[in-house]
Amino acid sequence: MRNKKILDKSINVKSDHSCVGCGVCQAVCPAGAISLGLDKDGFYKAHVDESKCMNCGRCQEVCSKFPEKFPPPREIPKKSYVGYYRTEEIRWPSSSGGFATALAETAIENGYRVIGAELDYKTFKLEHVVIDKKENLSRIRGSKYFQSRFQDILSRINKNGKYVVIGTPCQIGALRKVITGKKEYEDVILVDLYCAGVLGRNAVDKFVDYMKEINKSGIKIMNMRDKTSSWLLWGMKVIFKDGKQYYRNKYVDPLLYVFRTRQALQDACLECDTYKNGSYADLRLRDAWGFDPKKINEDFKKGLSQVLVYTDKGEELFSKAKNKIFCREVEFLAVKDFGYPRKRNYQLLELLRTNSGLVSIVNIYKRSLSIRDKFRHKLSYFCATDFYISFFKRFEKVLLALPKPVKKFLKKLLREW
Ligand SMILES: Cc1cc2nc3c(=O)[nH]c(=O)nc-3n(C[C@H](O)[C@H](O)[C@H](O)COP(=O)(O)OP(=O)(O)OC[C@H]3O[C@@H](n4cnc5c(N)ncnc54)[C@H](O)[C@@H]3O)c2cc1C
Ligand code: SF4
Ligand code: SF4
Ligand code: SF4
């Protein structure tokens, strides 16, 4: 009888619980033994065909499940800026202040190609694509809060070419592990997005079905960060092929509601402290929530970006982009914990696997909430309204002047309630 192969160097040694679905293991496997498929909740997970595996260990070297194989990411950036794209034409459709487009345009002007996540409206799949013309950058603009297909990334990057790649920290971290020390990837600049987590296909497919019930003509454009109400009270806007529109703010739209519960994200997102506290990228982008209280009305309506500069390469690109944006340097404040729940809601995930519609699933979920959670939901909605903003503006000086321990106590009270 033949002995069973010992495959202690493949990614299979650890369960797929912490797989982020980046697919980079598939790209580096010399035996073509790895494939990526969707799990029962619609998240990409890697699978090894053990009959093909040669136990070379290449996949472990790039995989997030084995953080000990690579030096930890940088935690403290060299510099940090807050600002926005100069023209409304770009700032308005961007998720925060449009820094991503400023960087991407600058990159293209300097001979780079840009790789970002584009939503395919035929399949509703998200995929990283290459853009080499500024007028095509709208294809990748805006945050889409579900997993993008990243496994073809290495075949998209021509060796010795100049590229800027934008993605979630786990995708960018995996790519960094592959390209580090390789001369042929010297001109690749990596940009990641501070990331709270991603939804799986189950939730997205249900949303697409819900849209079909509302309007049969089909979706032309879907914007998960629409600012019609304001940047603070962002929402979901869908433009249908017949010109009609759907808009609900983030407290009402069922897909954004599920996203914002943070309880139907992929497993790995709940334990993603490495990527939340540090970055393998040259630059990190995020929403600049909480900055510029003096201009609160204007900026809370239109959006502000923050960039964290980690490397010289990143600094060079950002400096060149400065003629497209208004920005000012700010002190870096680490985001340690937003107080998001660190548990998945198995009832919600189970419901997303059934044939039930998204709206009825959300209603069942809402009914199951405790009175405390219902109150918290209402309170956070109030905090995003114009009324609250004008109230804050009026009493801004008083609120900001409160002693630190009182502010800390109030914050704790709000978070825990
Ligand atoms: C899944 C996800 C979660 C996020 N969570 C937070 C958060 O909790 N707090 C916070 O401050 N910021 C978060 N961000 C970042 C934020 O939403 C903005 O992307 C960021 O502020 C840049 O905005 P912008 O206006 O400069 O660019 P935008 O024009 O909005 O461009 C964003 C870029 O993100 C890329 N992208 C979009 N969706 C995906 C995706 N699913 N996977 C990979 N790349 C994608 C696009 O290629 C595009 O280039 C998140 C982003 C994503 C994608
Ligand atoms: S490299 Fe990425 S896709 Fe492959 S097992 Fe690791 S986390 Fe999963
Ligand atoms: S150990 Fe090597 S051959 Fe086996 S799955 Fe990993 S990369 Fe492929
Ligand atoms: S939260 Fe972490 S694991 Fe989840 S998509 Fe974002 S970077 Fe990846």
# chains A, B, ... in the order shown; residues from 1 in each chain; ligands from 1
>>> residues_near_ligand(ligand="ligand 3", cutoff="6 Å", atoms="only C-alpha atoms and all ligand atoms", output="PyMOL selection string")
chain A and resi 9-10+29-31+33-34+48+53-59
>>> residues_around(residues="A:Gly218", least_positions_apart="6", cutoff="9 Å", atoms="only C-alpha atoms", output="list in words")
Met211, Lys212, Ile239, Phe240, Lys241 and Asp242 of chain A
>>> write_last_selection(atoms="C-alpha atoms", output="PDB file, in the first residue's frame")
ATOM      1  CA  MET A 211     -33.620  45.301  -7.353  1.00  0.00           C
ATOM      2  CA  LYS A 212     -35.161  43.068 -10.044  1.00  0.00           C
ATOM      3  CA  ILE A 239     -29.773  53.832 -11.528  1.00  0.00           C
ATOM      4  CA  PHE A 240     -31.833  51.453 -13.653  1.00  0.00           C
ATOM      5  CA  LYS A 241     -31.537  51.030 -17.396  1.00  0.00           C
ATOM      6  CA  ASP A 242     -34.885  52.787 -17.910  1.00  0.00           C
TER       7      ASP A 242
END
>>> residues_around(residues="A:Tyr145", least_positions_apart="4", cutoff="9 Å", atoms="only C-alpha atoms", output="PDB file with N, CA and C atoms, in the first residue's frame")
ATOM      1  N   GLY A 197     -14.182  45.367   6.550  1.00  0.00           N
ATOM      2  CA  GLY A 197     -14.573  43.998   6.218  1.00  0.00           C
ATOM      3  C   GLY A 197     -15.395  43.942   4.945  1.00  0.00           C
ATOM      4  N   VAL A 198     -15.638  42.722   4.478  1.00  0.00           N
ATOM      5  CA  VAL A 198     -16.405  42.550   3.233  1.00  0.00           C
ATOM      6  C   VAL A 198     -17.546  41.556   3.412  1.00  0.00           C
ATOM      7  N   LEU A 199     -18.599  41.791   2.630  1.00  0.00           N
ATOM      8  CA  LEU A 199     -19.721  40.853   2.571  1.00  0.00           C
ATOM      9  C   LEU A 199     -19.434  39.766   1.539  1.00  0.00           C
ATOM     10  N   GLY A 200     -20.188  38.690   1.609  1.00  0.00           N
ATOM     11  CA  GLY A 200     -20.053  37.624   0.615  1.00  0.00           C
ATOM     12  C   GLY A 200     -21.084  37.745  -0.491  1.00  0.00           C
ATOM     13  N   MET A 224     -22.589  52.252  -3.753  1.00  0.00           N
ATOM     14  CA  MET A 224     -22.811  51.896  -2.343  1.00  0.00           C
ATOM     15  C   MET A 224     -22.415  53.018  -1.391  1.00  0.00           C
ATOM     16  N   LEU A 256     -26.887  47.601   2.800  1.00  0.00           N
ATOM     17  CA  LEU A 256     -25.994  48.393   3.663  1.00  0.00           C
ATOM     18  C   LEU A 256     -26.299  48.108   5.134  1.00  0.00           C
ATOM     19  N   PHE A 259     -24.431  45.023   5.890  1.00  0.00           N
ATOM     20  CA  PHE A 259     -22.991  45.330   5.958  1.00  0.00           C
ATOM     21  C   PHE A 259     -22.664  45.995   7.297  1.00  0.00           C
TER      22      PHE A 259
END
>>> closest_residue(among="A:Gly116, A:Gly357, A:Gly167, A:Gly142", to="ligand 4", atoms="only C-alpha atoms and all ligand atoms")
A:Gly167
>>> closest_atom_pairs(of="chain A", to="ligand 1", cutoff="7 Å", atoms="only C-alpha atoms and all ligand atoms", output="JSON lines")
{"residue": "A:Arg91", "atom": "CA", "partner": "ligand 1", "partner_atom_place_in_ligand_line": "25 (O)", "distance": 6.8}
{"residue": "A:Ser94", "atom": "CA", "partner": "ligand 1", "partner_atom_place_in_ligand_line": "25 (O)", "distance": 4.0}
{"residue": "A:Ser95", "atom": "CA", "partner": "ligand 1", "partner_atom_place_in_ligand_line": "30 (O)", "distance": 3.6}
{"residue": "A:Ser96", "atom": "CA", "partner": "ligand 1", "partner_atom_place_in_ligand_line": "25 (O)", "distance": 3.7}
{"residue": "A:Gly97", "atom": "CA", "partner": "ligand 1", "partner_atom_place_in_ligand_line": "25 (O)", "distance": 4.4}
{"residue": "A:Gly98", "atom": "CA", "partner": "ligand 1", "partner_atom_place_in_ligand_line": "25 (O)", "distance": 3.4}
{"residue": "A:Phe99", "atom": "CA", "partner": "ligand 1", "partner_atom_place_in_ligand_line": "26 (O)", "distance": 3.7}
{"residue": "A:Ala100", "atom": "CA", "partner": "ligand 1", "partner_atom_place_in_ligand_line": "26 (O)", "distance": 3.7}
{"residue": "A:Thr101", "atom": "CA", "partner": "ligand 1", "partner_atom_place_in_ligand_line": "29 (O)", "distance": 5.7}
{"residue": "A:Ile115", "atom": "CA", "partner": "ligand 1", "partner_atom_place_in_ligand_line": "47 (O)", "distance": 6.9}
{"residue": "A:Gly116", "atom": "CA", "partner": "ligand 1", "partner_atom_place_in_ligand_line": "47 (O)", "distance": 3.3}
{"residue": "A:Ala117", "atom": "CA", "partner": "ligand 1", "partner_atom_place_in_ligand_line": "47 (O)", "distance": 3.8}
{"residue": "A:Glu118", "atom": "CA", "partner": "ligand 1", "partner_atom_place_in_ligand_line": "47 (O)", "distance": 6.5}
{"residue": "A:Ile140", "atom": "CA", "partner": "ligand 1", "partner_atom_place_in_ligand_line": "47 (O)", "distance": 4.6}
{"residue": "A:Arg141", "atom": "CA", "partner": "ligand 1", "partner_atom_place_in_ligand_line": "29 (O)", "distance": 3.7}
{"residue": "A:Gly142", "atom": "CA", "partner": "ligand 1", "partner_atom_place_in_ligand_line": "30 (O)", "distance": 3.3}
{"residue": "A:Ser143", "atom": "CA", "partner": "ligand 1", "partner_atom_place_in_ligand_line": "37 (C)", "distance": 3.7}
{"residue": "A:Lys144", "atom": "CA", "partner": "ligand 1", "partner_atom_place_in_ligand_line": "38 (N)", "distance": 3.9}
{"residue": "A:Tyr145", "atom": "CA", "partner": "ligand 1", "partner_atom_place_in_ligand_line": "1 (C)", "distance": 4.2}
{"residue": "A:Phe146", "atom": "CA", "partner": "ligand 1", "partner_atom_place_in_ligand_line": "41 (N)", "distance": 4.8}
{"residue": "A:Gln147", "atom": "CA", "partner": "ligand 1", "partner_atom_place_in_ligand_line": "41 (N)", "distance": 5.0}
{"residue": "A:Ser148", "atom": "CA", "partner": "ligand 1", "partner_atom_place_in_ligand_line": "42 (N)", "distance": 5.0}
{"residue": "A:Ile166", "atom": "CA", "partner": "ligand 1", "partner_atom_place_in_ligand_line": "47 (O)", "distance": 5.5}
{"residue": "A:Gly167", "atom": "CA", "partner": "ligand 1", "partner_atom_place_in_ligand_line": "44 (N)", "distance": 3.7}
{"residue": "A:Thr168", "atom": "CA", "partner": "ligand 1", "partner_atom_place_in_ligand_line": "43 (C)", "distance": 4.7}
{"residue": "A:Leu193", "atom": "CA", "partner": "ligand 1", "partner_atom_place_in_ligand_line": "15 (C)", "distance": 4.8}
{"residue": "A:Tyr194", "atom": "CA", "partner": "ligand 1", "partner_atom_place_in_ligand_line": "13 (C)", "distance": 4.8}
{"residue": "A:Cys195", "atom": "CA", "partner": "ligand 1", "partner_atom_place_in_ligand_line": "5 (N)", "distance": 3.6}
{"residue": "A:Ala196", "atom": "CA", "partner": "ligand 1", "partner_atom_place_in_ligand_line": "8 (O)", "distance": 3.9}
{"residue": "A:Gly197", "atom": "CA", "partner": "ligand 1", "partner_atom_place_in_ligand_line": "3 (C)", "distance": 5.3}
{"residue": "A:Val198", "atom": "CA", "partner": "ligand 1", "partner_atom_place_in_ligand_line": "1 (C)", "distance": 4.9}
{"residue": "A:Leu285", "atom": "CA", "partner": "ligand 1", "partner_atom_place_in_ligand_line": "20 (C)", "distance": 5.0}
{"residue": "A:Arg286", "atom": "CA", "partner": "ligand 1", "partner_atom_place_in_ligand_line": "21 (O)", "distance": 3.4}
{"residue": "A:Asp287", "atom": "CA", "partner": "ligand 1", "partner_atom_place_in_ligand_line": "11 (O)", "distance": 3.7}
{"residue": "A:Ala288", "atom": "CA", "partner": "ligand 1", "partner_atom_place_in_ligand_line": "11 (O)", "distance": 6.3}
{"residue": "A:Trp289", "atom": "CA", "partner": "ligand 1", "partner_atom_place_in_ligand_line": "11 (O)", "distance": 6.8}
{"residue": "A:Ser305", "atom": "CA", "partner": "ligand 1", "partner_atom_place_in_ligand_line": "21 (O)", "distance": 5.3}
{"residue": "A:Gln306", "atom": "CA", "partner": "ligand 1", "partner_atom_place_in_ligand_line": "21 (O)", "distance": 6.8}
>>> write_last_selection(atoms="N, CA and C atoms", output="compact mmCIF listing (two decimals), in the first residue's frame")
# COMPACT_ATOMS: atom_id res chain seq x y z
N ARG A 91 -14.82 64.68 -6.62
CA ARG A 91 -15.02 64.52 -5.17
C ARG A 91 -16.38 63.88 -4.86
N SER A 94 -16.85 60.10 -5.49
CA SER A 94 -15.90 59.25 -4.77
C SER A 94 -16.46 58.91 -3.39
N SER A 95 -15.93 57.84 -2.80
CA SER A 95 -16.48 57.41 -1.51
C SER A 95 -16.19 58.40 -0.40
N SER A 96 -14.95 58.89 -0.34
CA SER A 96 -14.66 59.89 0.68
C SER A 96 -14.36 61.21 -0.03
N GLY A 97 -13.05 61.59 -0.13
CA GLY A 97 -12.76 62.88 -0.76
C GLY A 97 -12.12 62.77 -2.14
N GLY A 98 -12.00 61.54 -2.66
CA GLY A 98 -11.46 61.38 -4.02
C GLY A 98 -9.95 61.30 -4.12
N PHE A 99 -9.25 61.03 -3.01
CA PHE A 99 -7.79 60.89 -3.08
C PHE A 99 -7.37 59.74 -4.02
N ALA A 100 -8.18 58.68 -4.04
CA ALA A 100 -7.82 57.52 -4.88
C ALA A 100 -7.71 57.96 -6.34
N THR A 101 -8.65 58.80 -6.79
CA THR A 101 -8.61 59.25 -8.19
C THR A 101 -7.43 60.18 -8.41
N ILE A 115 -4.46 49.49 -11.23
CA ILE A 115 -5.29 48.29 -11.10
C ILE A 115 -6.22 48.48 -9.90
N GLY A 116 -7.52 48.42 -10.16
CA GLY A 116 -8.51 48.61 -9.09
C GLY A 116 -9.72 47.72 -9.34
N ALA A 117 -10.68 47.78 -8.41
CA ALA A 117 -11.82 46.86 -8.44
C ALA A 117 -12.99 47.45 -9.24
N GLU A 118 -13.40 46.71 -10.27
CA GLU A 118 -14.53 47.16 -11.11
C GLU A 118 -15.70 46.18 -10.97
N ILE A 140 -13.45 52.15 -11.86
CA ILE A 140 -13.04 51.56 -10.57
C ILE A 140 -13.38 52.45 -9.37
N ARG A 141 -13.96 53.63 -9.66
CA ARG A 141 -14.20 54.58 -8.56
C ARG A 141 -15.25 54.04 -7.57
N GLY A 142 -15.09 54.35 -6.31
CA GLY A 142 -16.11 54.03 -5.30
C GLY A 142 -15.88 52.71 -4.59
N SER A 143 -16.24 52.68 -3.30
CA SER A 143 -16.08 51.47 -2.50
C SER A 143 -17.23 50.51 -2.75
N LYS A 144 -16.88 49.25 -2.96
CA LYS A 144 -17.88 48.21 -3.09
C LYS A 144 -17.62 47.28 -1.91
N TYR A 145 -18.61 47.11 -1.04
CA TYR A 145 -18.32 46.42 0.22
C TYR A 145 -18.46 44.91 0.13
N PHE A 146 -17.92 44.33 -0.92
CA PHE A 146 -17.86 42.87 -0.97
C PHE A 146 -16.56 42.44 -1.65
N GLN A 147 -16.29 41.13 -1.58
CA GLN A 147 -14.98 40.63 -2.02
C GLN A 147 -14.77 40.79 -3.52
N SER A 148 -13.58 41.28 -3.88
CA SER A 148 -13.28 41.32 -5.32
C SER A 148 -12.38 40.13 -5.65
N ILE A 166 -4.55 49.17 -6.23
CA ILE A 166 -5.38 49.61 -5.09
C ILE A 166 -6.26 48.44 -4.65
N GLY A 167 -6.25 48.14 -3.36
CA GLY A 167 -7.09 47.03 -2.88
C GLY A 167 -7.22 47.02 -1.38
N THR A 168 -7.88 46.00 -0.87
CA THR A 168 -8.02 45.88 0.59
C THR A 168 -6.65 45.51 1.18
N LEU A 193 -6.74 50.27 1.44
CA LEU A 193 -7.86 51.05 1.98
C LEU A 193 -8.10 50.58 3.40
N TYR A 194 -8.15 51.48 4.34
CA TYR A 194 -8.50 51.05 5.69
C TYR A 194 -9.81 50.28 5.57
N CYS A 195 -9.91 49.11 6.16
CA CYS A 195 -11.02 48.23 5.77
C CYS A 195 -11.71 47.58 6.96
N ALA A 196 -13.03 47.78 7.03
CA ALA A 196 -13.80 47.20 8.13
C ALA A 196 -14.23 45.77 7.83
N GLY A 197 -14.18 45.37 6.55
CA GLY A 197 -14.57 44.00 6.22
C GLY A 197 -15.40 43.94 4.94
N VAL A 198 -15.64 42.72 4.48
CA VAL A 198 -16.41 42.55 3.23
C VAL A 198 -17.55 41.56 3.41
N LEU A 285 -5.45 54.68 2.26
CA LEU A 285 -6.54 55.67 2.17
C LEU A 285 -7.66 55.29 3.10
N ARG A 286 -8.32 56.30 3.63
CA ARG A 286 -9.52 56.04 4.42
C ARG A 286 -10.40 57.28 4.48
N ASP A 287 -11.61 57.11 4.99
CA ASP A 287 -12.49 58.25 5.22
C ASP A 287 -11.91 59.03 6.39
N ALA A 288 -11.90 60.37 6.26
CA ALA A 288 -11.34 61.18 7.35
C ALA A 288 -12.44 61.57 8.32
N TRP A 289 -13.13 60.56 8.85
CA TRP A 289 -14.20 60.85 9.82
C TRP A 289 -13.59 61.62 10.99
N SER A 305 -11.03 62.74 2.52
CA SER A 305 -10.17 61.54 2.55
C SER A 305 -9.02 61.78 3.50
N GLN A 306 -8.47 60.68 3.99
CA GLN A 306 -7.20 60.76 4.72
C GLN A 306 -6.22 59.81 4.03
>>> atom_distance(atom1="atom CA of A:Ile131", atom2="atom CA of A:Arg74")
28.1 Å
>>> atom_distance(atom1="atom CA of A:Ser229", atom2="atom CA of A:Lys301")
7.5 Å
>>> residues_around(residues="A:Asp39", least_positions_apart="3", cutoff="12 Å", atoms="only C-alpha atoms", output="PyMOL selection string")
chain A and resi 16-17+19-21+36+42-47+200-202+266-267+349+353
>>> residues_around(residues="stretch 317-332 of chain A", least_positions_apart="6", cutoff="8 Å", atoms="only C-alpha atoms", output="ChimeraX atom specification")
/A:76-77,79-86,99,102-103,106-107,308
>>> closest_residue(among="A:Lys14, A:Arg149, A:Lys397, A:Lys134", to="ligand 4", atoms="only C-alpha atoms and all ligand atoms")
A:Arg149
>>> closest_atom_pairs(of="stretch 228-304 of chain A", to="stretch 361-368 of chain A", cutoff="12 Å", atoms="only C-alpha atoms", output="JSON lines")
{"residue": "A:Tyr251", "atom": "CA", "partner": "A:Val362", "partner_atom": "CA", "distance": 11.4}
{"residue": "A:Val252", "atom": "CA", "partner": "A:Val362", "partner_atom": "CA", "distance": 9.9}
{"residue": "A:Asp253", "atom": "CA", "partner": "A:Val362", "partner_atom": "CA", "distance": 9.6}
{"residue": "A:Pro254", "atom": "CA", "partner": "A:Val362", "partner_atom": "CA", "distance": 6.3}
{"residue": "A:Leu255", "atom": "CA", "partner": "A:Val362", "partner_atom": "CA", "distance": 8.7}
{"residue": "A:Leu256", "atom": "CA", "partner": "A:Val362", "partner_atom": "CA", "distance": 10.5}
{"residue": "A:Tyr257", "atom": "CA", "partner": "A:Val362", "partner_atom": "CA", "distance": 7.7}
{"residue": "A:Val258", "atom": "CA", "partner": "A:Val362", "partner_atom": "CA", "distance": 7.3}
{"residue": "A:Phe259", "atom": "CA", "partner": "A:Val362", "partner_atom": "CA", "distance": 11.1}
{"residue": "A:Arg260", "atom": "CA", "partner": "A:Val362", "partner_atom": "CA", "distance": 11.8}
{"residue": "A:Thr261", "atom": "CA", "partner": "A:Tyr365", "partner_atom": "CA", "distance": 10.1}
{"residue": "A:Gln263", "atom": "CA", "partner": "A:Tyr365", "partner_atom": "CA", "distance": 10.8}
{"residue": "A:Ala264", "atom": "CA", "partner": "A:Tyr365", "partner_atom": "CA", "distance": 11.5}
>>> atom_distance(atom1="atom CA of A:Ile90", atom2="atom 3 (S, counted along the ligand's line) of ligand 4")
28.3 Å
